[in-house]
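Below is model14.txt, which holds compact mmCIF, C-alpha atoms.
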```txt
# COMPACT_ATOMS: atom_id res chain seq x y z
CA MET A 1 -2.24 -23.88 23.84
CA ARG A 2 -3.81 -25.06 27.08
CA ARG A 3 -4.83 -28.27 25.35
CA LEU A 4 -1.26 -28.83 24.22
CA PHE A 5 0.05 -28.83 27.79
CA GLU A 6 -2.44 -31.45 28.82
CA ASN A 7 -1.14 -33.81 26.17
CA LYS A 8 1.28 -36.24 27.83
CA VAL A 9 3.21 -37.09 24.68
CA PHE A 10 3.86 -33.40 24.13
CA ILE A 11 5.15 -32.90 27.69
CA ILE A 12 7.39 -35.96 27.51
CA SER A 13 8.96 -34.93 24.22
CA LEU A 14 9.39 -31.34 25.43
CA VAL A 15 11.25 -32.51 28.55
CA VAL A 16 13.44 -34.87 26.55
CA ILE A 17 14.36 -32.06 24.15
CA LEU A 18 15.14 -29.75 27.07
CA LEU A 19 17.37 -32.43 28.58
CA PHE A 20 19.27 -32.73 25.31
CA VAL A 21 19.80 -28.97 25.37
CA LEU A 22 21.01 -29.20 28.98
CA ALA A 23 23.42 -31.97 28.04
CA ALA A 24 24.75 -29.92 25.14
CA LEU A 25 25.27 -26.90 27.39
CA THR A 26 27.06 -28.81 30.14
CA ALA A 27 29.20 -31.13 28.00
CA ASN A 28 32.00 -28.56 28.05
CA GLU A 29 34.00 -28.56 31.27
CA ASN A 30 34.18 -24.79 31.46
CA GLY A 31 30.41 -24.48 31.08
CA LYS A 32 28.71 -21.36 32.31
CA LEU A 33 25.87 -23.28 33.93
CA ASN A 34 27.70 -23.48 37.24
CA VAL A 35 24.97 -21.73 39.23
CA PHE A 36 22.80 -24.78 38.86
CA ARG A 37 25.42 -27.15 40.23
CA ASN A 38 26.49 -24.74 42.97
CA ALA A 39 22.96 -24.48 44.35
CA PHE A 40 23.08 -28.23 44.76
CA SER A 41 26.65 -28.83 45.88
CA VAL A 42 27.31 -25.95 48.30
CA PRO A 43 24.84 -27.10 50.99
CA LEU A 44 25.82 -30.72 50.34
CA ASN A 45 29.50 -30.12 51.06
CA PRO A 46 29.56 -29.58 54.88
CA LEU A 47 27.17 -32.50 55.40
CA GLN A 48 29.36 -34.74 53.27
CA ARG A 49 32.40 -33.75 55.30
CA GLY A 50 30.59 -34.41 58.58
CA ILE A 51 29.38 -37.86 57.59
CA LYS A 52 32.76 -38.71 56.13
CA SER A 53 34.59 -37.84 59.35
CA VAL A 54 32.14 -39.82 61.51
CA GLY A 55 32.41 -42.80 59.16
CA ASP A 56 36.19 -42.62 59.12
CA SER A 57 36.41 -42.52 62.90
CA ILE A 58 34.18 -45.61 63.17
CA LYS A 59 36.30 -47.36 60.56
CA GLY A 60 39.43 -46.27 62.45
CA THR A 61 38.19 -47.82 65.70
CA ILE A 62 37.44 -51.09 63.95
CA ASN A 63 40.84 -51.15 62.30
CA PHE A 64 42.65 -50.19 65.52
CA PHE A 65 43.16 -53.74 66.77
CA ARG A 66 44.42 -55.03 63.47
CA ASP A 67 46.80 -52.11 63.15
CA ALA A 68 48.17 -52.67 66.66
CA ARG A 69 49.35 -56.13 65.70
CA THR A 70 51.14 -55.10 62.54
CA SER A 71 52.56 -51.84 63.83
CA GLN A 72 55.58 -53.25 65.65
CA GLN A 73 56.97 -54.95 62.60
CA GLU A 74 56.18 -51.91 60.50
CA ASN A 75 57.95 -49.67 62.99
CA ALA A 76 61.19 -51.62 62.71
CA GLU A 77 61.02 -51.53 58.94
CA LEU A 78 60.31 -47.81 58.88
CA LYS A 79 63.21 -47.00 61.20
CA LYS A 80 65.55 -48.79 58.86
CA LYS A 81 64.07 -46.96 55.88
CA LEU A 82 64.36 -43.62 57.65
CA GLN A 83 68.07 -44.12 58.22
CA GLU A 84 68.58 -44.81 54.54
CA ALA A 85 66.45 -41.84 53.58
CA GLU A 86 68.43 -39.49 55.82
CA ARG A 87 71.62 -40.63 54.19
CA ASP A 88 70.13 -39.96 50.75
CA LEU A 89 68.77 -36.61 51.80
CA GLU A 90 72.20 -35.09 52.33
CA LYS A 91 73.14 -36.09 48.85
CA VAL A 92 69.93 -34.53 47.55
CA TYR A 93 70.67 -31.22 49.29
CA ARG A 94 74.07 -31.11 47.72
CA LEU A 95 72.65 -31.89 44.26
CA GLU A 96 69.88 -29.36 44.65
CA LYS A 97 72.36 -26.62 45.44
CA GLU A 98 74.49 -27.65 42.51
CA ASN A 99 71.45 -27.77 40.23
CA GLU A 100 70.39 -24.29 41.28
CA ASP A 101 73.84 -22.89 40.63
CA LEU A 102 74.06 -24.48 37.23
CA LYS A 103 70.57 -23.33 36.26
CA LYS A 104 71.50 -19.80 37.23
CA LEU A 105 74.63 -20.10 35.16
CA LEU A 106 72.62 -21.08 32.10
CA SER A 107 69.76 -18.67 32.93
CA PHE A 108 67.44 -21.63 32.68
CA LYS A 109 63.79 -20.75 33.04
CA ASP A 110 61.42 -22.64 35.28
CA GLN A 111 58.40 -23.93 33.43
CA PHE A 112 55.85 -22.84 35.98
CA ILE A 113 55.65 -21.25 39.36
CA GLN A 114 53.67 -23.67 41.45
CA GLU A 115 51.73 -23.50 44.64
CA LEU A 116 50.33 -26.52 46.44
CA VAL A 117 46.86 -26.57 47.98
CA GLY A 118 46.17 -29.47 50.33
CA CYS A 119 42.70 -31.03 50.04
CA ASN A 120 40.70 -33.89 51.48
CA VAL A 121 38.70 -36.32 49.39
CA THR A 122 35.08 -35.95 50.52
CA SER A 123 33.45 -38.55 48.31
CA LYS A 124 34.27 -40.99 45.57
CA ASP A 125 32.33 -41.15 42.33
CA ALA A 126 28.64 -41.75 42.85
CA GLY A 127 28.11 -44.19 40.01
CA ASN A 128 30.06 -47.19 38.82
CA TRP A 129 31.07 -45.85 35.44
CA PHE A 130 33.77 -43.28 36.05
CA GLU A 131 36.73 -42.60 38.32
CA ILE A 132 35.80 -39.12 39.46
CA PHE A 133 35.97 -37.99 43.06
CA THR A 134 35.07 -34.85 44.98
CA ILE A 135 37.51 -32.73 46.99
CA ASP A 136 36.71 -30.11 49.62
CA ARG A 137 38.24 -27.05 47.94
CA GLY A 138 36.68 -25.04 45.15
CA SER A 139 36.89 -21.77 43.28
CA LYS A 140 36.89 -19.96 46.64
CA ASP A 141 40.40 -21.32 47.24
CA GLY A 142 41.54 -20.45 43.75
CA ILE A 143 41.30 -23.86 42.15
CA ALA A 144 40.71 -23.83 38.41
CA VAL A 145 39.72 -26.42 35.81
CA ASN A 146 42.67 -28.53 34.54
CA ASP A 147 44.89 -27.99 37.58
CA PRO A 148 46.97 -31.13 38.14
CA VAL A 149 46.36 -33.16 41.28
CA ILE A 150 49.02 -35.20 43.08
CA ASN A 151 49.55 -36.97 46.36
CA ALA A 152 52.64 -38.14 48.23
CA ASN A 153 53.14 -41.09 45.85
CA GLY A 154 52.60 -39.52 42.47
CA LEU A 155 50.14 -38.19 39.93
CA VAL A 156 46.44 -38.54 40.76
CA GLY A 157 44.69 -36.68 37.95
CA ARG A 158 43.34 -33.27 37.09
CA VAL A 159 40.51 -31.02 38.21
CA SER A 160 37.56 -31.33 35.84
CA ARG A 161 34.80 -29.21 37.35
CA VAL A 162 34.97 -26.47 39.95
CA ASP A 163 32.11 -25.44 42.23
CA LEU A 164 32.27 -22.81 44.93
CA LEU A 165 33.33 -25.04 47.84
CA SER A 166 34.15 -28.33 46.14
CA SER A 167 35.53 -29.61 42.89
CA LYS A 168 35.65 -32.83 40.92
CA VAL A 169 38.90 -34.60 40.05
CA VAL A 170 39.25 -37.04 37.15
CA SER A 171 41.82 -39.73 37.98
CA ILE A 172 44.40 -40.82 35.42
CA ILE A 173 42.74 -44.26 35.27
CA ASP A 174 39.42 -42.81 34.06
CA THR A 175 38.54 -43.60 30.44
CA GLU A 176 38.49 -39.94 29.50
CA SER A 177 41.94 -39.15 30.82
CA SER A 178 45.11 -39.15 28.76
CA VAL A 179 48.51 -37.99 29.95
CA SER A 180 51.61 -37.25 27.94
CA ALA A 181 54.20 -39.43 29.67
CA ARG A 182 57.86 -40.30 29.43
CA LEU A 183 59.71 -43.50 30.23
CA SER A 184 62.16 -42.60 32.98
CA LYS A 185 64.94 -44.85 31.71
CA SER A 186 64.92 -44.36 27.95
CA ARG A 187 63.31 -40.85 27.90
CA ASP A 188 60.85 -41.90 25.16
CA LEU A 189 57.53 -40.13 24.85
CA VAL A 190 54.37 -42.21 25.19
CA ILE A 191 50.73 -41.60 26.01
CA LEU A 192 49.09 -42.91 29.16
CA LYS A 193 45.37 -43.59 28.91
CA GLY A 194 42.64 -44.86 31.15
CA ASP A 195 40.94 -48.05 30.06
CA ALA A 196 37.37 -49.10 30.84
CA GLN A 197 38.44 -52.64 31.80
CA LEU A 198 41.77 -52.01 33.54
CA ARG A 199 40.19 -49.23 35.61
CA MET A 200 38.33 -51.85 37.66
CA ASP A 201 41.69 -53.09 39.00
CA GLY A 202 43.17 -49.61 39.37
CA LEU A 203 45.45 -49.90 36.34
CA CYS A 204 45.86 -47.96 33.11
CA ARG A 205 47.54 -48.48 29.76
CA LEU A 206 50.47 -46.97 27.91
CA ASP A 207 49.57 -46.51 24.26
CA TYR A 208 51.44 -45.94 21.03
CA ILE A 209 54.82 -47.31 22.03
CA PRO A 210 56.84 -47.28 18.80
CA PRO A 211 58.39 -50.66 17.86
CA ASP A 212 61.97 -49.46 18.16
CA VAL A 213 61.53 -48.54 21.81
CA GLU A 214 62.53 -51.27 24.22
CA VAL A 215 60.16 -51.43 27.17
CA SER A 216 60.48 -53.90 29.99
CA VAL A 217 58.51 -54.78 33.09
CA GLY A 218 59.48 -52.59 36.03
CA ASP A 219 60.27 -49.45 34.02
CA LYS A 220 59.13 -46.28 35.69
CA VAL A 221 56.83 -43.80 33.94
CA GLU A 222 56.69 -40.07 34.66
CA THR A 223 54.96 -37.00 33.19
CA SER A 224 56.74 -35.49 30.23
CA GLY A 225 55.87 -31.82 30.57
CA MET A 226 55.09 -31.69 26.85
CA SER A 227 51.48 -30.66 27.41
CA SER A 228 50.68 -27.53 29.34
CA LEU A 229 48.49 -29.59 31.69
CA TYR A 230 50.94 -31.47 33.88
CA PRO A 231 54.33 -30.20 35.04
CA LYS A 232 57.40 -32.23 34.19
CA GLY A 233 58.75 -35.13 36.18
CA ILE A 234 55.84 -36.26 38.37
CA ILE A 235 55.97 -40.00 38.96
CA ILE A 236 53.02 -41.90 37.47
CA GLY A 237 53.82 -45.55 38.10
CA GLU A 238 55.60 -48.57 36.75
CA ILE A 239 55.01 -50.99 33.90
CA ILE A 240 53.76 -54.39 35.02
CA GLN A 241 53.02 -56.03 31.67
CA VAL A 242 54.00 -55.47 28.05
CA ILE A 243 51.54 -56.65 25.40
CA LYS A 244 52.67 -57.09 21.79
CA ASN A 245 50.11 -57.97 19.15
CA GLU A 246 51.07 -59.76 15.96
CA GLY A 247 50.69 -57.62 12.90
CA GLN A 248 50.38 -54.32 14.68
CA TYR A 249 52.87 -51.55 14.27
CA ASP A 250 52.99 -50.22 17.80
CA TYR A 251 52.32 -52.05 21.02
CA TYR A 252 51.05 -51.20 24.47
CA ALA A 253 51.86 -51.82 28.09
CA ILE A 254 49.89 -51.97 31.33
CA VAL A 255 50.93 -49.52 34.01
CA LYS A 256 50.30 -49.79 37.73
CA PRO A 257 49.99 -46.24 39.07
CA ALA A 258 52.03 -45.30 42.13
CA VAL A 259 48.84 -43.97 43.71
CA ASP A 260 46.33 -46.36 45.26
CA PHE A 261 43.03 -45.03 43.96
CA ARG A 262 40.92 -47.16 46.28
CA ARG A 263 42.38 -45.52 49.38
CA LEU A 264 42.76 -41.87 48.49
CA GLU A 265 42.43 -39.52 51.44
CA GLU A 266 44.71 -36.51 51.27
CA ILE A 267 45.75 -34.99 47.99
CA ALA A 268 47.25 -31.72 46.80
CA VAL A 269 46.21 -29.54 43.88
CA ILE A 270 49.01 -27.73 42.07
CA LYS A 271 47.93 -24.19 41.34
CA MET A 272 49.62 -23.21 38.12
CA ILE A 273 50.65 -19.61 37.87
CA GLN A 274 51.77 -19.42 34.30
CA GLU A 275 54.15 -16.51 34.58
CA VAL A 276 57.65 -17.58 33.75
CA SER A 277 60.11 -16.36 36.37
CA GLU A 278 62.04 -13.40 35.13
CA GLU A 279 64.01 -12.34 38.17
CA GLN A 280 67.48 -13.21 37.07
CA MET B 1 1.30 -28.71 47.97
CA LYS B 2 4.22 -26.60 49.17
CA ARG B 3 4.81 -29.00 52.02
CA ARG B 4 4.73 -31.90 49.61
CA ILE B 5 7.41 -30.35 47.39
CA LEU B 6 9.55 -29.54 50.42
CA VAL B 7 9.35 -33.07 51.84
CA LEU B 8 10.02 -34.72 48.49
CA SER B 9 13.03 -32.53 47.70
CA LEU B 10 14.36 -33.26 51.18
CA LEU B 11 13.93 -36.97 50.47
CA ILE B 12 15.92 -36.68 47.24
CA TYR B 13 18.54 -34.54 48.94
CA ILE B 14 19.11 -37.02 51.75
CA THR B 15 19.37 -39.81 49.19
CA CYS B 16 22.01 -37.82 47.29
CA LEU B 17 23.92 -37.29 50.50
CA MET B 18 23.86 -41.01 51.29
CA GLN B 19 24.77 -41.91 47.73
CA SER B 20 27.93 -39.81 47.94
CA THR B 21 29.04 -40.69 51.47
CA ILE B 22 27.80 -43.84 53.17
CA LEU B 23 28.07 -46.02 50.08
CA ASP B 24 31.86 -45.64 50.23
CA TYR B 25 31.80 -48.03 53.17
CA ILE B 26 29.38 -50.65 51.83
CA GLU B 27 30.53 -51.15 48.27
CA ILE B 28 31.22 -54.74 47.28
CA MET B 29 34.10 -55.44 44.90
CA GLY B 30 34.09 -51.84 43.74
CA ILE B 31 30.41 -51.94 42.82
CA ARG B 32 28.00 -49.69 44.62
CA PRO B 33 24.20 -49.54 44.34
CA ASN B 34 22.40 -46.60 42.79
CA LEU B 35 20.15 -45.37 45.60
CA LEU B 36 18.60 -42.56 43.57
CA LEU B 37 17.48 -45.02 40.92
CA VAL B 38 15.90 -47.26 43.58
CA VAL B 39 14.07 -44.29 45.12
CA ALA B 40 12.81 -43.14 41.72
CA ILE B 41 11.52 -46.59 40.80
CA SER B 42 9.89 -47.03 44.22
CA ILE B 43 8.05 -43.74 43.75
CA ALA B 44 7.06 -44.71 40.22
CA LEU B 45 5.52 -47.94 41.55
CA ALA B 46 3.33 -45.97 43.95
CA ARG B 47 2.24 -42.91 41.99
CA LYS B 48 0.59 -41.84 38.73
CA ASP B 49 2.53 -41.54 35.48
CA MET B 50 3.31 -37.80 35.26
CA GLU B 51 4.21 -37.43 38.93
CA SER B 52 6.53 -40.41 38.86
CA ALA B 53 8.10 -39.18 35.63
CA PHE B 54 9.01 -35.84 37.17
CA MET B 55 10.27 -37.45 40.38
CA GLY B 56 12.44 -39.66 38.18
CA LEU B 57 13.70 -36.54 36.43
CA ALA B 58 14.65 -34.95 39.76
CA CYS B 59 16.43 -38.07 41.01
CA GLY B 60 18.26 -38.40 37.70
CA LEU B 61 19.45 -34.79 37.80
CA GLY B 62 20.76 -35.36 41.33
CA MET B 63 22.66 -38.41 40.14
CA ASP B 64 24.05 -36.48 37.16
CA ILE B 65 25.37 -33.74 39.41
CA LEU B 66 26.93 -36.25 41.79
CA VAL B 67 28.65 -38.10 38.96
CA GLY B 68 30.08 -34.83 37.68
CA ARG B 69 29.94 -35.36 33.95
CA THR B 70 27.50 -34.01 31.37
CA LEU B 71 24.16 -33.25 33.03
CA GLY B 72 21.01 -34.82 31.68
CA TRP B 73 21.69 -38.43 30.68
CA TYR B 74 20.64 -40.16 33.90
CA ALA B 75 17.78 -37.66 34.14
CA MET B 76 16.53 -38.61 30.69
CA CYS B 77 16.83 -42.38 31.24
CA LEU B 78 15.05 -42.24 34.59
CA PHE B 79 12.40 -39.86 33.26
CA LEU B 80 11.40 -42.25 30.49
CA VAL B 81 11.64 -45.42 32.59
CA CYS B 82 9.62 -43.93 35.48
CA PHE B 83 6.98 -42.68 33.06
CA SER B 84 6.51 -46.14 31.59
CA ILE B 85 6.35 -47.76 35.04
CA GLY B 86 3.83 -45.11 36.08
CA LEU B 87 1.68 -46.05 33.07
CA ILE B 88 1.45 -49.74 33.97
CA ASN B 89 1.36 -49.54 37.75
CA PRO B 90 -2.47 -49.39 38.21
CA LYS B 91 -2.50 -52.98 36.94
CA LEU B 92 -0.05 -54.23 39.56
CA TYR B 93 -0.74 -55.90 42.84
CA LYS B 94 1.49 -53.79 45.06
CA GLU B 95 1.47 -55.84 48.23
CA ASN B 96 3.53 -58.54 46.55
CA PRO B 97 7.13 -58.12 47.81
CA LEU B 98 8.53 -59.45 44.53
CA ILE B 99 7.14 -56.49 42.58
CA PRO B 100 9.74 -53.88 43.70
CA ILE B 101 12.58 -56.41 43.35
CA PHE B 102 11.53 -57.33 39.84
CA PHE B 103 10.97 -53.76 38.67
CA VAL B 104 14.14 -52.37 40.26
CA PHE B 105 16.21 -55.15 38.71
CA PHE B 106 14.92 -54.68 35.19
CA SER B 107 14.83 -50.91 35.25
CA SER B 108 18.43 -50.85 36.60
CA ILE B 109 19.46 -52.94 33.63
CA THR B 110 17.56 -50.66 31.23
CA VAL B 111 18.87 -47.40 32.68
CA GLU B 112 22.49 -48.52 32.99
CA THR B 113 22.50 -50.05 29.51
CA LEU B 114 21.14 -46.81 28.05
CA TYR B 115 23.79 -44.92 30.01
CA TYR B 116 26.49 -47.23 28.64
CA PHE B 117 25.28 -46.69 25.08
CA ILE B 118 25.31 -42.92 25.44
CA ASN B 119 28.59 -42.55 27.31
CA PHE B 120 30.72 -45.44 26.05
CA PHE B 121 29.31 -47.06 22.93
CA LEU B 122 28.80 -43.80 21.07
CA ARG B 123 32.32 -42.76 22.03
CA GLY B 124 33.80 -45.84 20.46
CA TYR B 125 34.19 -48.22 23.38
CA GLN B 126 32.54 -51.48 22.43
CA ASP B 127 33.25 -54.24 24.92
CA PHE B 128 29.61 -54.61 25.93
CA ALA B 129 29.95 -58.10 27.42
CA PHE B 130 32.55 -56.94 29.92
CA MET B 131 30.43 -53.99 31.01
CA VAL B 132 27.36 -56.19 31.44
CA THR B 133 29.09 -58.84 33.51
CA ARG B 134 31.29 -56.58 35.61
CA ILE B 135 29.12 -53.50 36.14
CA ILE B 136 25.50 -53.67 34.98
CA ILE B 137 24.41 -57.08 36.34
CA PRO B 138 26.15 -56.80 39.75
CA GLU B 139 24.79 -53.29 40.22
CA SER B 140 21.26 -54.40 39.33
CA ILE B 141 21.41 -57.25 41.82
CA TYR B 142 22.70 -54.91 44.51
CA ASN B 143 19.99 -52.38 43.64
CA SER B 144 17.21 -54.92 43.96
CA ALA B 145 18.58 -56.07 47.33
CA ILE B 146 18.65 -52.45 48.56
CA SER B 147 15.09 -51.91 47.28
CA LEU B 148 13.84 -54.24 50.05
CA ILE B 149 14.76 -51.47 52.51
CA ILE B 150 14.06 -48.37 50.44
CA TYR B 151 10.68 -49.30 48.95
CA PRO B 152 8.90 -49.49 52.37
CA ILE B 153 10.51 -46.19 53.43
CA THR B 154 9.26 -44.29 50.38
CA LEU B 155 5.81 -45.85 50.82
CA ILE B 156 5.72 -44.62 54.43
CA VAL B 157 6.76 -41.09 53.35
CA TYR B 158 4.00 -40.97 50.74
CA ARG B 159 1.39 -42.42 53.08
CA ARG B 160 2.22 -39.74 55.67
CA LEU B 161 1.98 -37.00 53.04
CA ASP B 162 -1.40 -38.27 51.79
CA LYS B 163 -2.74 -38.54 55.31
CA TYR B 164 -1.64 -34.98 56.11
CA ASP B 165 -3.23 -33.61 52.94
CA TYR B 166 -6.42 -35.53 53.65
CA VAL B 167 -6.72 -34.20 57.19
CA HIS B 168 -6.01 -30.62 56.13
CA THR B 169 -8.39 -30.52 53.21
CA ARG B 170 -11.19 -31.60 55.53
CA LEU B 171 -10.51 -28.87 58.04
```
Whole structure given in structure tokens:
Amino acid sequence: MRRLFENKVFIISLVVILLFVLAALTANENGKLNVFRNAFSVPLNPLQRGIKSVGDSIKGTINFFRDARTSQQENAELKKKLQEAERDLEKVYRLEKENEDLKKLLSFKDQFIQELVGCNVTSKDAGNWFEIFTIDRGSKDGIAVNDPVINANGLVGRVSRVDLLSSKVVSIIDTESSVSARLSKSRDLVILKGDAQLRMDGLCRLDYIPPDVEVSVGDKVETSGMSSLYPKGIIIGEIIQVIKNEGQYDYYAIVKPAVDFRRLEEIAVIKMIQEVSEEQ
Amino acid sequence: MKRRILVLSLLIYITCLMQSTILDYIEIMGIRPNLLLVVAISIALARKDMESAFMGLACGLGMDILVGRTLGWYAMCLFLVCFSIGLINPKLYKENPLIPIFFVFFSSITVETLYYFINFFLRGYQDFAFMVTRIIIPESIYNSAISLIIYPITLIVYRRLDKYDYVHTRL
């Protein structure tokens, strides 16, 4: 036995086999091997946050002068936009009230009760292969695997792994991600997928568009609510190119997400509490 | 021995920390270097085969945890690559500055290609040419440039450790 452990080939093959076992155990997102990752990521988290904040403040100082130049013009534009938004808001209030009343009338059930948890992005993906980033909330704050993640502009992705103080989010442009989506104008169901090539430019593709559905550039895409993963009606982005191949039944389109994945800072996780409201 | 393990795990830990934070600010065209790979290869160039293999394993596991997918693939690639570099390194003339650049470049290509085959090719994504030109080659070049800084640092760490052990065994 002693002899065996001095044999290098034996040790190498043993380690490789053990690594295969480890890979098999951790391939599932709800894996029970979290202790291992926690031991690594819990002490890493505060340090990551510290370095990130120092780095951001340095970056902010550098950008200050450039921002000062553009801010005046931006200010004028924003004031104009704000006026328009305030006008729209009154209309929205009225519609919301009306919507509530009508829903009550029909005893319409809400799909989910939701609660938003604000998070900061502490680090982007470490390698070059995937679009996964780390956020500074974990199972301690009640975040669970598969919770949807949004920011002010639209859908960001979903939570894929949860540690104690941090969790990993897979963006919608990652190759593994697929979202059941709906075209806002025609209400047709399609599937939004990440693509290994388009991901480099922050884009993703809309697959399986049936031939009888008319899609044009500029159409908005939103979540459909057909899967239990994402709630209905979150904006995803807009179509920037439609690609039809000769001899293929369905065609696909390229979507530019509303979220800028290169500059993600603050995001919100939607905690899904799956009890349907039964008050009325 | 305890001190050695402590210092080396600290080295890997700091590298992990840098990999996940500072590189956000220095990535070029969305491509970032793989610091843990550079550290593992630098160690493999300086040490014997089994030691460098297990240091490669540790660096790879760190990278796997940072990436946040299935654990074990980077660990396996780096384990095997570091072992083979450890086997041939007694024959190398280590003062030559081209040695780390050459080895980091080719082992980056090997490791990332293996990683592509496991995580993309076997899952049905086959555009290998795109991956090579847009990810693997740029990353390897970046890695070998970074190795000019990291290789001397790891050598200094190991030299200090050896010196300390030498002094304390004589006492």
Between chain A and chain B, at 7 Å or less, what are the per-residue closest atom pairs and their distances in Å? Count only C-alpha atoms, order by chain and rising residue number, and return it as a tab-separated table.
```
residue	atom	partner	partner_atom	distance
A:Val16	CA	B:Met76	CA	6.4
A:Leu19	CA	B:Gly72	CA	5.3
A:Phe20	CA	B:Gly72	CA	6.9
A:Leu22	CA	B:Gly72	CA	6.2
A:Ala23	CA	B:Leu71	CA	5.2
A:Thr26	CA	B:Thr70	CA	5.4
A:Ala27	CA	B:Thr70	CA	4.7
A:Arg37	CA	B:Ile65	CA	6.6
A:Leu44	CA	B:Leu17	CA	6.8
A:Gln48	CA	B:Thr21	CA	6.2
A:Ile51	CA	B:Thr21	CA	6.8
A:Lys52	CA	B:Thr21	CA	6.3
A:Ser123	CA	B:Ser20	CA	5.7
A:Lys124	CA	B:Ser20	CA	6.9
A:Asp125	CA	B:Val67	CA	5.8
A:Ala126	CA	B:Val67	CA	5.3
A:Gly127	CA	B:Val67	CA	6.2
A:Asn128	CA	B:Ile31	CA	6.2
A:Lys168	CA	B:Gly68	CA	6.7
```
Selection export as a CSV table (one decimal), keeping the file's coordinate frame, atoms kept: C-alpha atoms:
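selection_29.csv, freshly written:
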```csv
chain,number,residue,atom,x,y,z
A,16,VAL,CA,13.4,-34.9,26.6
A,19,LEU,CA,17.4,-32.4,28.6
A,20,PHE,CA,19.3,-32.7,25.3
A,22,LEU,CA,21.0,-29.2,29.0
A,23,ALA,CA,23.4,-32.0,28.0
A,26,THR,CA,27.1,-28.8,30.1
A,27,ALA,CA,29.2,-31.1,28.0
A,37,ARG,CA,25.4,-27.2,40.2
A,44,LEU,CA,25.8,-30.7,50.3
A,48,GLN,CA,29.4,-34.7,53.3
A,51,ILE,CA,29.4,-37.9,57.6
A,52,LYS,CA,32.8,-38.7,56.1
A,123,SER,CA,33.4,-38.6,48.3
A,124,LYS,CA,34.3,-41.0,45.6
A,125,ASP,CA,32.3,-41.2,42.3
A,126,ALA,CA,28.6,-41.8,42.8
A,127,GLY,CA,28.1,-44.2,40.0
A,128,ASN,CA,30.1,-47.2,38.8
A,168,LYS,CA,35.6,-32.8,40.9
```
All residues 8 Å or closer to Val104 (chain B), all atoms listed in the file, same chain fewer than 2 positions away omitted, as a PyMOL selection string: chain B and resi 38+41-42+100-102+106-108+140+143-144+147
Separation of CA of Val215 (chain A) from CA of Asn146 (chain A), in Å and rounded to one decimal: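 Calculated distance between CA of Val215 (chain A) and CA of Asn146 (chain A) is 29.7 Å.
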CA of Asp212 (chain A) to CA of Val190 (chain A), straight-line distance in Å: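 Atom-to-atom, CA of Val190 (chain A) to CA of Asp212 (chain A), that is 12.6 Å.
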Separation of CA of Phe261 (chain A) from CA of Phe133 (chain A) in Å: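 Value for the CA of Phe133 (chain A)-CA of Phe261 (chain A) distance: 10.0 Å.
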Which of A:Ala196, A:Ala253, A:Lys220, A:Phe40 sits closest to Ile12 (chain B) [using all atoms listed in the file]: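 Using all atoms listed in the file, the shortest distance to Ile12 (chain B) belongs to A:Phe40.
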Of the listed residues B:Ile118, B:Ala145, B:Ile150, B:Ile156, that which approaches Ala40 (chain B) most closely, counting only C-alpha atoms: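 Of the candidates, the smallest distance to Ala40 (chain B) is held by B:Ile150.
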Residues within 10 Å of region 2-8 of chain B, only C-alpha atoms, excluding chain neighbours under 2 positions, as a PyMOL selection string: chain B and resi 10-14+55+58+154+157-158+161-162+164-165
Please return the centre and edge lengths, in Å to one decimal, of a box with edges along x, y and z that contains all listed atoms of region 198-203 of chain A, widened by 3 Å on every side, as lines of an AutoDock Vina configuration file.
```
center_x = 41.9
center_y = -51.2
center_z = 36.5
size_x = 13.1
size_y = 9.9
size_z = 11.8
```
Sphere at (31.1, -24.7, 51.8), radius 6 Å, counting all atoms listed in the file: residues as a JSON list (two decimals) with C-alpha atoms, in the coordinates of the input:
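Produced file part_32.json, reproduced below:
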```
[["chain", "number", "residue", "atom", "x", "y", "z"],
["A", 42, "VAL", "CA", 27.31, -25.95, 48.30],
["A", 45, "ASN", "CA", 29.50, -30.12, 51.06],
["A", 46, "PRO", "CA", 29.56, -29.58, 54.88],
["A", 165, "LEU", "CA", 33.33, -25.04, 47.84]]
```
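Compared by their closest atoms to Gly86 (chain B), and using only C-alpha atoms, the residues B:Leu122, B:Cys59, B:Leu98, B:Ile43 rank with B:Ile43 nearest.
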For Ser9 (chain B), the nearest of the candidates B:Val81, B:Arg47, B:Gly56, B:Pro152, counting all atoms listed in the file: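 For Ser9 (chain B), the nearest of the candidates is B:Gly56.
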Which of A:Arg263, A:Arg182, A:Arg161, A:Lys232 sits closest to Asn38 (chain A) [using all atoms listed in the file]: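 Closest candidate: A:Arg161.
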Option closest in space to Glu27 (chain B), from B:Leu155, B:Ile99, B:Ile146, B:Met1 [counting all atoms listed in the file]: B:Ile146
Long-range neighbours of Tyr208 (chain A) as number ranges by chain, 8 Å cut-off, only C-alpha atoms, 2 positions minimum in chain: A: 190-191, 206, 210, 250-252
